[in-house]
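Working notes, beginning with the structure itself.
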Amino acid sequence: MRVKRIAPEPVAPVAEPSVDLSLIDSLIAKYKGKQGNLIPLLQGTQEIFGFIPREAFLKLHSDTGLSLSELYGVATFYAQFRLTPSGKHIIKMCHGTACHVQSVTAITDELLDFLEVKDGETTSDGLFTIETVACLGCCSLAPVMMIDEETHGKLTPKEALKIIKEIRRNEAL
Amino acid sequence: MKKTTVIVGLGSCGIAAGAGKTFSEFQRIKAADKLDFELKKTSCVGMCFREPLVEIIDESGSYLYGQVDPAKADEIIEKHIKNFSPIPEYIVQSERFPTPEQSFFEGQVKIALRNCGHMDPENIEEYEARNGYAAIRKIANNFMNPDQVIQMVIDSGMRGRGGGGFSTGMKWKFARNYDAPQKYVICNADEGDPGAFMDRSILEGDPHGVLEGMIICGYAIGASEGYIYCRAEYPLAIKRLNIAIEQARKKGYLGKGLFGIEHFNFDIKIKEGAGAFVCGEETALIASIEGRRGMPRRRPPFPAQSGLWKSPTNINNVETFVNIPWIIFNGPQAYAAMGTEKSKGTKVFALTGKIKHGGLVEVPMGMTIRDIIYNLGGGIANGKKFKAVQLGGPSGGCVPEYLSHTQVDYDSVNATGAIMGSGGMVVMDETTCVVDIARFFLDFTQKESCGKCTFCRIGTKRMLEILTRITQGEGQEGDIELLEELAHNIKDGSLCGLGQTAPNPVLTTIKYFRDEYEAHIRDKKCPALSCKKLLTYKVDQEKCTGCMACTKGCPVDAIEGGKREPHFILQEVCIKCGVCFTKCKFGAIQLS
């Protein structure tokens with residue numbers, strides 16, 4: 001069920017990085033009072049911060065009058081929204097049918113192993129968030145992964161590792 | 001002398017294969033050597049197995065080059081463009097050189113894909129040069145009234161390409177018959193089917209075709225606003241749609257008083273989906289546009305009566321809309337002349353999986369599955385044996401090899417227990433385990449269930465648990481019967497298409513591959529050698545070099561043997577994780 005996607009509350013709540021809430025003022029001005037504005041508001045907020053911070057929910061609620069429960073309900077329903085900060089690079093592992101048939105699971109396992117995280121988590125250095133997603137629509141290049149906006153196809157576990165290592169190396173420079 | 005034209009295929013899959021770099025290389029050399037050729041972009045040609053694709057058109061004809069990386073680009077410029085001598089080894093299709101790949105195009109009839117790969121999707125003039133916006137002009141110039149337009153769509157026999165297969169013309173008629181001050185047209189571009197990318201290719205390759213189809217629908221049902229609900233995972237499609245809408249507005253094809261038709265106003269907005277498979281269902285999609293959780297509701301009332309913001313709404317998918325201008329322009333009879341008695345026209349399929357020539361194909365309804373796989377797709381990759389084909393994604397089913405003479409039309413495919421769906425065709429060979437495939441789809445639908453109906457929410461979870469158990473060697477007698485019972489209850493107890501069809505992958509695999517389920521449950525064996533937990537791992541003493549890679553990788557120290565000595569696996573310690581198999585560089589780990 002979709003609701004299971006809510007990340008469990010961490011035992012010791014991690015302090016969210018403080019965000020400049022005034023960044024979403026223009027977004028609110030654009031959509032305030034418009035029909036069907038809830039999802040674009042959340043999408044815009046996430047575009048600005050990379051995730052939807054707790055305070056942003058409260059601000060959206062107080063400035064637009066949308067109910068907090070609806071905002072939270074929608075944000076936890078759709079796969080797109082994140083409630084925790086993501087890594088600098090987002091690795092999307094395609095687990096569509098074609099990729100599954102071409103053994104993408106082995107590649108994902110290899111990467112999770114290497115990055116020492118579980119599906120959906122962010123590495124301790126804050127560099128990568130890795131998540132499995134449904135089809136990316138490049139089935140003929142299966143197995144496929146997408147890092148930020150770039151798609152890599154016809155992967156093997158080795159090649160996938162090479163790409164990740166290269167990004168890490170470039171970041172270290 | 002005719003100027004040489006170089007066209008690079010820049011669809012999402014082409015870009016993923018490196019077409020961007022190829023394009024820059026042509027651009028760079030063109031500037032550096034001051035060459036006089038025209039460099040153009042287009043979208044997906046469909047031949048995804050040879051991406052990046054570059055087409056060169058000169059006086060002598062047209063040549064399609066495959067897998068063009070920057071190095072090959074240099075060679076093509078040197079030999080073909082500068083010295084007019086084509087390089088046959090790299091050509092995948094040309095009238096002058098027969099190639100093993102050309103069978104990919106034989107038997108295809110391109111209607112929905114008529115413009116994909118043949119024009120620059122970001123250029124409205126190129127669309128117009130290919131009879132673009134001519135269908136809506138035909139309507140305006142001949143003073144056709146909306147009822148006549150709807151009659152043409154009904155006469156064409158076109159059925160919705162989104163999966164349901166309901167008559168498109170009848171659907172329009174229902175929406176027209178409800179009187180309301182405001183009506184809406186929605187294009188469903190929330191292509192969430194894993195294994196399908198037809199709609200993405202059409203949106204990226206022919207955005208104006210989709211817009212024109214929507215404009216015609218708006219005129220026919222009396223709507224003034226349209227929405228395209230597109231997946232956020234398709235950034236390129238959204239970008240090109242935005243460009244197309246902007247161009248159409250500038251030309252006066254969207255806005256007020258369109259094409260000289262009095263009182264005809266129509267404009268289109270894009271709504272980005274936020275990622276939920278269930279939003280492919282009409283009422284869930286409407287809820288999502290309205291800014292709510294995408295949960296389906298009971299029908300009736302159908303959207304044609306009470307849809308978006310309670311106004312009459314007509315929803316069709318991308319492939320349906322892009323067919324409409326062709327039908328109006330060429331007449332419904334031309335369309336109805338193709339296909340079978342009850343399924344007219346053509347259908348686009350995304351041919352993927354263990355196939356030699358994977359890609360996008362469009363064939364007349366009624367072609368057999370075997371012909372698509374062997375003639376167009378070139379057969380199974382790596383010389384393996386064809387086992388089954390999965391049609392219709394998570395709502396569909398597996399059709400076994402012995403039924404591959406089945407024709408692709410709505411009714412024949414339904415008779416097998418699969419569905420036509422949106423057109424995903426995933427080919428599986430002897431190494432694919434069907435029980436694992438069923439588990440894979442249940443995993444998908446279970447995650448994507450919106451949670452509204454109890455049977456879908458909990459039933460799919462229970463089915464997934466049983467299937468997972470079976471694939472891990474813990475299947476019990478009676479599991480198959482329990483799966484069947486649950487499947488029928490979920491079908492009966494769910495409100496929307498997602499729940500009603502979620503058990504199909506399990507039911508069809510039980511129907512056609514019951515022996516494989518039994519092998520998993522009774523003999524604890526996976527005939528396809530795919531379920532890790534059911535395999536025995538052994539070291540081939542001949543091949544083992546004693547490199548220790550597997551020993552180091554093994555999490556439970558089940559592998560013994562010193563350096564440069566053949567290793568062996570302690571079966572009673574082995575947990576069958578498969579790490580040794582992936583670590584071994586010499587293929588010395590054997591599965592049985």
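Identifiers in this document derive from the order of the structure tokens: chains are assigned A, B, ..., residues are numbered from 1 separately in each chain, and ligands are numbered from 1 in order of occurrence.
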Exercise for the section: Restrict the distance test to only C-alpha atoms, flag each residue of chain A within 9 Å of chain B, and return the flagged residues as a PyMOL selection string. Expected result: chain A and resi 1-5+35-40+43+70-71+73-75+77-81+95-102+106+134-142+149-154+157
Practice task
Identify, with DSSP run on backbone atoms, the residues in region 6-115 of chain A assigned to strand (DSSP E), and express the list as a PyMOL selection string.
Solution key: chain A and resi 89-94
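Using only C-alpha atoms, the shortest contact distance between Thr156 (chain A) and any of A:Thr122, A:Thr129, A:Thr108, A:Arg168 is found at A:Thr108.
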With only C-alpha atoms as the counted atoms, please give the residues lying no more than 12 Å from Val539 (chain B), apart from itself and same-chain residues fewer than 3 positions off, as a CSV table (one decimal) with all heavy atoms, in the first residue's frame.
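Final output, saved to result_28.csv:
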```csv
chain,number,residue,atom,x,y,z
B,536,THR,N,21.6,-25.0,-6.4
B,536,THR,CA,22.7,-25.5,-5.7
B,536,THR,C,23.9,-24.9,-6.4
B,536,THR,O,24.0,-24.9,-7.6
B,536,THR,CB,22.8,-27.1,-5.8
B,536,THR,OG1,21.5,-27.6,-5.5
B,536,THR,CG2,23.8,-27.7,-4.9
B,542,GLU,N,37.7,-27.6,-12.9
B,542,GLU,CA,38.5,-27.4,-14.1
B,542,GLU,C,38.7,-25.9,-14.3
B,542,GLU,O,39.8,-25.4,-14.6
B,542,GLU,CB,37.8,-27.9,-15.3
B,542,GLU,CG,37.5,-29.4,-15.2
B,542,GLU,CD,38.7,-30.3,-15.6
B,542,GLU,OE1,39.1,-30.1,-16.8
B,542,GLU,OE2,39.2,-31.1,-14.8
B,543,LYS,N,37.6,-25.1,-14.1
B,543,LYS,CA,37.7,-23.7,-14.4
B,543,LYS,C,38.2,-22.9,-13.3
B,543,LYS,O,38.7,-21.8,-13.5
B,543,LYS,CB,36.3,-23.2,-14.8
B,543,LYS,CG,35.8,-23.6,-16.1
B,543,LYS,CD,34.5,-23.0,-16.5
B,543,LYS,CE,34.0,-23.4,-17.8
B,543,LYS,NZ,32.6,-23.1,-18.0
B,544,CYS,N,38.2,-23.4,-12.0
B,544,CYS,CA,38.5,-22.6,-10.9
B,544,CYS,C,40.1,-22.3,-10.9
B,544,CYS,O,40.9,-23.2,-11.0
B,544,CYS,CB,38.1,-23.3,-9.6
B,544,CYS,SG,38.6,-22.3,-8.1
B,545,THR,N,40.4,-21.1,-10.7
B,545,THR,CA,41.9,-20.7,-10.7
B,545,THR,C,42.4,-20.5,-9.3
B,545,THR,O,43.6,-20.2,-9.1
B,545,THR,CB,42.1,-19.4,-11.5
B,545,THR,OG1,41.4,-18.4,-10.8
B,545,THR,CG2,41.6,-19.5,-12.9
B,546,GLY,N,41.5,-20.6,-8.3
B,546,GLY,CA,41.9,-20.4,-7.0
B,546,GLY,C,42.3,-19.0,-6.7
B,546,GLY,O,43.2,-18.7,-5.9
B,550,CYS,N,35.7,-15.5,-4.6
B,550,CYS,CA,34.5,-16.0,-4.0
B,550,CYS,C,34.6,-16.2,-2.5
B,550,CYS,O,33.7,-15.9,-1.7
B,550,CYS,CB,34.0,-17.3,-4.7
B,550,CYS,SG,35.3,-18.7,-4.6
B,551,THR,N,35.8,-16.7,-2.1
B,551,THR,CA,36.0,-16.9,-0.7
B,551,THR,C,35.9,-15.7,0.1
B,551,THR,O,35.2,-15.6,1.2
B,551,THR,CB,37.5,-17.5,-0.5
B,551,THR,OG1,37.8,-18.3,-1.6
B,551,THR,CG2,37.6,-18.3,0.8
B,558,ALA,N,31.5,-20.3,3.5
B,558,ALA,CA,31.1,-21.6,3.1
B,558,ALA,C,32.0,-22.2,2.0
B,558,ALA,O,31.9,-23.3,1.6
B,558,ALA,CB,29.7,-21.6,2.6
B,559,ILE,N,33.0,-21.3,1.6
B,559,ILE,CA,33.9,-21.8,0.5
B,559,ILE,C,35.3,-22.1,1.1
B,559,ILE,O,35.9,-21.2,1.8
B,559,ILE,CB,34.0,-20.7,-0.6
B,559,ILE,CG1,32.5,-20.4,-1.0
B,559,ILE,CG2,34.8,-21.2,-1.8
B,559,ILE,CD1,32.4,-19.3,-2.0
B,560,GLU,N,35.8,-23.3,0.8
B,560,GLU,CA,37.1,-23.6,1.3
B,560,GLU,C,38.1,-23.8,0.1
B,560,GLU,O,37.6,-24.1,-1.0
B,560,GLU,CB,37.0,-24.9,2.1
B,560,GLU,CG,36.1,-24.7,3.4
B,560,GLU,CD,36.6,-25.5,4.5
B,560,GLU,OE1,37.0,-26.7,4.3
B,560,GLU,OE2,36.4,-25.0,5.7
B,561,GLY,N,39.3,-23.8,0.4
B,561,GLY,CA,40.4,-24.0,-0.6
B,561,GLY,C,41.3,-22.8,-0.5
B,561,GLY,O,40.9,-21.6,-0.4
B,565,GLU,N,44.4,-23.0,-5.5
B,565,GLU,CA,43.9,-24.4,-5.4
B,565,GLU,C,42.4,-24.3,-5.7
B,565,GLU,O,41.8,-23.3,-5.4
B,565,GLU,CB,44.0,-24.9,-3.9
B,565,GLU,CG,45.3,-25.3,-3.5
B,565,GLU,CD,45.3,-25.5,-2.0
B,565,GLU,OE1,44.2,-25.8,-1.4
B,565,GLU,OE2,46.4,-25.4,-1.3
B,566,PRO,N,41.9,-25.4,-6.3
B,566,PRO,CA,40.5,-25.4,-6.6
B,566,PRO,C,39.7,-25.3,-5.3
B,566,PRO,O,40.0,-25.9,-4.3
B,566,PRO,CB,40.2,-26.7,-7.3
B,566,PRO,CG,41.6,-27.1,-7.8
B,566,PRO,CD,42.6,-26.6,-6.8
B,567,HIS,N,38.6,-24.5,-5.4
B,567,HIS,CA,37.8,-24.3,-4.2
B,567,HIS,C,36.6,-25.3,-4.2
B,567,HIS,O,36.3,-25.9,-5.2
B,567,HIS,CB,37.2,-22.9,-4.1
B,567,HIS,CG,38.3,-21.8,-4.0
B,567,HIS,ND1,39.6,-22.1,-3.9
B,567,HIS,CD2,38.2,-20.5,-3.8
B,567,HIS,CE1,40.3,-21.0,-3.7
B,567,HIS,NE2,39.4,-20.0,-3.7
B,568,PHE,N,36.0,-25.5,-3.1
B,568,PHE,CA,34.7,-26.2,-3.0
B,568,PHE,C,33.8,-25.5,-2.0
B,568,PHE,O,34.2,-24.8,-1.1
B,568,PHE,CB,34.9,-27.7,-2.8
B,568,PHE,CG,35.6,-28.0,-1.5
B,568,PHE,CD1,34.9,-28.2,-0.4
B,568,PHE,CD2,37.0,-28.1,-1.5
B,568,PHE,CE1,35.6,-28.5,0.8
B,568,PHE,CE2,37.7,-28.4,-0.4
B,568,PHE,CZ,37.0,-28.6,0.8
B,569,ILE,N,32.5,-25.8,-2.2
B,569,ILE,CA,31.5,-25.1,-1.4
B,569,ILE,C,30.9,-26.1,-0.4
B,569,ILE,O,30.5,-27.2,-0.8
B,569,ILE,CB,30.4,-24.5,-2.3
B,569,ILE,CG1,31.0,-23.4,-3.2
B,569,ILE,CG2,29.3,-23.9,-1.4
B,569,ILE,CD1,30.0,-22.9,-4.2
B,570,LEU,N,30.8,-25.7,0.9
B,570,LEU,CA,30.2,-26.6,1.9
B,570,LEU,C,28.7,-26.4,1.8
B,570,LEU,O,28.2,-25.3,2.2
B,570,LEU,CB,30.7,-26.2,3.3
B,570,LEU,CG,32.2,-26.3,3.5
B,570,LEU,CD1,32.6,-25.7,4.8
B,570,LEU,CD2,32.7,-27.7,3.4
B,571,GLN,N,28.0,-27.4,1.2
B,571,GLN,CA,26.6,-27.2,1.0
B,571,GLN,C,25.8,-27.0,2.2
B,571,GLN,O,24.8,-26.2,2.2
B,571,GLN,CB,26.0,-28.4,0.2
B,571,GLN,CG,26.6,-28.6,-1.2
B,571,GLN,CD,26.4,-27.5,-2.1
B,571,GLN,OE1,25.4,-26.7,-2.0
B,571,GLN,NE2,27.3,-27.3,-3.1
B,580,CYS,N,29.0,-15.6,-4.7
B,580,CYS,CA,30.1,-16.3,-5.4
B,580,CYS,C,29.9,-16.3,-6.9
B,580,CYS,O,30.9,-16.0,-7.6
B,580,CYS,CB,30.3,-17.7,-4.8
B,580,CYS,SG,28.9,-18.7,-4.8
B,581,PHE,N,28.7,-16.5,-7.3
B,581,PHE,CA,28.4,-16.5,-8.7
B,581,PHE,C,28.7,-15.2,-9.4
B,581,PHE,O,29.3,-15.2,-10.5
B,581,PHE,CB,26.9,-16.9,-8.9
B,581,PHE,CG,26.5,-17.1,-10.4
B,581,PHE,CD1,26.9,-18.2,-11.1
B,581,PHE,CD2,25.8,-16.1,-11.0
B,581,PHE,CE1,26.6,-18.3,-12.4
B,581,PHE,CE2,25.4,-16.2,-12.3
B,581,PHE,CZ,25.8,-17.3,-13.0
B,584,CYS,N,32.7,-14.4,-9.3
B,584,CYS,CA,33.6,-15.3,-10.1
B,584,CYS,C,33.8,-14.7,-11.5
B,584,CYS,O,32.8,-14.5,-12.2
B,584,CYS,CB,33.1,-16.7,-10.2
B,584,CYS,SG,34.3,-17.8,-11.1
B,586,PHE,N,35.6,-16.3,-13.8
B,586,PHE,CA,36.0,-17.3,-14.7
B,586,PHE,C,34.8,-18.3,-15.0
B,586,PHE,O,35.0,-19.3,-15.7
B,586,PHE,CB,37.2,-18.1,-14.2
B,586,PHE,CG,38.3,-17.2,-13.8
B,586,PHE,CD1,38.5,-16.8,-12.5
B,586,PHE,CD2,39.2,-16.8,-14.8
B,586,PHE,CE1,39.5,-15.9,-12.2
B,586,PHE,CE2,40.2,-15.9,-14.5
B,586,PHE,CZ,40.4,-15.5,-13.2
B,587,GLY,N,33.6,-17.9,-14.6
B,587,GLY,CA,32.5,-18.8,-14.8
B,587,GLY,C,32.6,-20.1,-14.2
B,587,GLY,O,32.1,-21.1,-14.7
B,588,ALA,N,33.3,-20.2,-13.1
B,588,ALA,CA,33.6,-21.5,-12.5
B,588,ALA,C,32.5,-21.9,-11.5
B,588,ALA,O,32.5,-23.1,-11.0
B,588,ALA,CB,34.9,-21.5,-11.7
B,589,ILE,N,31.6,-21.0,-11.1
B,589,ILE,CA,30.5,-21.4,-10.2
B,589,ILE,C,29.3,-21.9,-11.1
B,589,ILE,O,28.8,-21.2,-11.9
B,589,ILE,CB,30.0,-20.2,-9.4
B,589,ILE,CG1,31.2,-19.5,-8.7
B,589,ILE,CG2,28.9,-20.6,-8.4
B,589,ILE,CD1,31.7,-20.3,-7.5
B,590,GLN,N,29.0,-23.2,-10.8
B,590,GLN,CA,27.9,-23.8,-11.6
B,590,GLN,C,26.6,-23.8,-10.8
B,590,GLN,O,26.6,-24.0,-9.6
B,590,GLN,CB,28.3,-25.2,-12.0
B,590,GLN,CG,29.4,-25.2,-13.0
B,590,GLN,CD,29.7,-26.6,-13.4
B,590,GLN,OE1,29.7,-27.5,-12.6
B,590,GLN,NE2,30.1,-26.9,-14.7
B,591,LEU,N,25.5,-23.6,-11.5
B,591,LEU,CA,24.2,-23.6,-10.9
B,591,LEU,C,23.5,-24.9,-11.3
B,591,LEU,O,23.6,-25.3,-12.5
B,591,LEU,CB,23.4,-22.4,-11.3
B,591,LEU,CG,24.0,-21.1,-11.2
B,591,LEU,CD1,23.1,-20.0,-11.7
B,591,LEU,CD2,24.3,-20.8,-9.7
B,592,SER,N,22.8,-25.5,-10.4
B,592,SER,CA,21.9,-26.6,-10.8
B,592,SER,C,20.8,-26.7,-9.9
B,592,SER,O,20.8,-26.1,-8.8
B,592,SER,CB,22.7,-27.9,-10.8
B,592,SER,OG,23.2,-28.2,-9.5
```
Exercise for the section: Using DSSP on the backbone coordinates, identify the residues of chain A assigned to helix (DSSP H, G or I); present them as a ChimeraX atom specification. Expected result: /A:2-5,21-31,38-49,54-64,68-77,97-101,104-115,139-141,157-172
Practice task
Compile the contact shell of Ile81 (chain B) as a VMD selection string: residues with an atom at most 10 Å away, counting only C-alpha atoms, same-chain residues fewer than 2 positions apart removed.
Solution key: chain B and resid 4 to 6 35 to 37 56 to 58 74 to 79 83 to 86
Just-selected residues, N, CA and C atoms written as an mmCIF file, in the first residue's frame:
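For reference, part_7.cif as written:
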```
data_model
loop_
_atom_site.group_PDB
_atom_site.id
_atom_site.type_symbol
_atom_site.label_atom_id
_atom_site.label_comp_id
_atom_site.auth_asym_id
_atom_site.auth_seq_id
_atom_site.Cartn_x
_atom_site.Cartn_y
_atom_site.Cartn_z
ATOM 1 N N THR B 4 23.148 17.665 -48.631
ATOM 2 C CA THR B 4 23.087 16.494 -47.762
ATOM 3 C C THR B 4 22.469 16.873 -46.413
ATOM 4 N N THR B 5 21.598 16.004 -45.924
ATOM 5 C CA THR B 5 20.997 16.257 -44.629
ATOM 6 C C THR B 5 21.410 15.158 -43.656
ATOM 7 N N VAL B 6 21.799 15.561 -42.457
ATOM 8 C CA VAL B 6 22.156 14.603 -41.412
ATOM 9 C C VAL B 6 21.122 14.745 -40.292
ATOM 10 N N LEU B 35 31.708 22.561 -43.303
ATOM 11 C CA LEU B 35 31.041 21.653 -44.238
ATOM 12 C C LEU B 35 29.630 22.145 -44.512
ATOM 13 N N ASP B 36 29.187 21.896 -45.739
ATOM 14 C CA ASP B 36 27.881 22.395 -46.135
ATOM 15 C C ASP B 36 26.852 21.260 -46.102
ATOM 16 N N PHE B 37 26.495 20.827 -44.910
ATOM 17 C CA PHE B 37 25.361 19.899 -44.830
ATOM 18 C C PHE B 37 24.398 20.405 -43.770
ATOM 19 N N ILE B 56 21.265 9.728 -42.968
ATOM 20 C CA ILE B 56 21.893 10.650 -43.920
ATOM 21 C C ILE B 56 21.126 10.592 -45.229
ATOM 22 N N ILE B 57 20.640 11.751 -45.669
ATOM 23 C CA ILE B 57 19.902 11.799 -46.924
ATOM 24 C C ILE B 57 20.706 12.646 -47.909
ATOM 25 N N ASP B 58 21.061 12.022 -49.007
ATOM 26 C CA ASP B 58 21.726 12.812 -50.055
ATOM 27 C C ASP B 58 21.100 12.462 -51.398
ATOM 28 N N ASP B 74 32.892 10.572 -37.060
ATOM 29 C CA ASP B 74 34.032 11.111 -37.807
ATOM 30 C C ASP B 74 34.227 10.351 -39.116
ATOM 31 N N GLU B 75 34.146 9.017 -39.003
ATOM 32 C CA GLU B 75 34.366 8.172 -40.177
ATOM 33 C C GLU B 75 33.271 8.418 -41.229
ATOM 34 N N ILE B 76 32.032 8.559 -40.746
ATOM 35 C CA ILE B 76 30.916 8.781 -41.681
ATOM 36 C C ILE B 76 31.083 10.124 -42.390
ATOM 37 N N ILE B 77 31.514 11.126 -41.655
ATOM 38 C CA ILE B 77 31.715 12.443 -42.283
ATOM 39 C C ILE B 77 32.803 12.330 -43.352
ATOM 40 N N GLU B 78 33.895 11.679 -42.951
ATOM 41 C CA GLU B 78 35.035 11.561 -43.861
ATOM 42 C C GLU B 78 34.644 10.815 -45.133
ATOM 43 N N LYS B 79 34.072 9.616 -44.966
ATOM 44 C CA LYS B 79 33.823 8.765 -46.134
ATOM 45 C C LYS B 79 32.522 9.124 -46.852
ATOM 46 N N ASN B 83 33.189 12.245 -49.260
ATOM 47 C CA ASN B 83 33.569 11.507 -50.459
ATOM 48 C C ASN B 83 32.456 10.672 -51.086
ATOM 49 N N PHE B 84 31.243 10.883 -50.578
ATOM 50 C CA PHE B 84 30.063 10.207 -51.149
ATOM 51 C C PHE B 84 30.174 8.701 -51.240
ATOM 52 N N SER B 85 30.922 8.086 -50.305
ATOM 53 C CA SER B 85 30.912 6.631 -50.346
ATOM 54 C C SER B 85 30.378 6.091 -49.012
ATOM 55 N N PRO B 86 29.122 5.650 -49.015
ATOM 56 C CA PRO B 86 28.488 5.143 -47.799
ATOM 57 C C PRO B 86 29.263 3.952 -47.225
#
```
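Rounded to one decimal, CA of Pro53 (chain A) and CA of Ile286 (chain B) lie 27.2 Å from each other.
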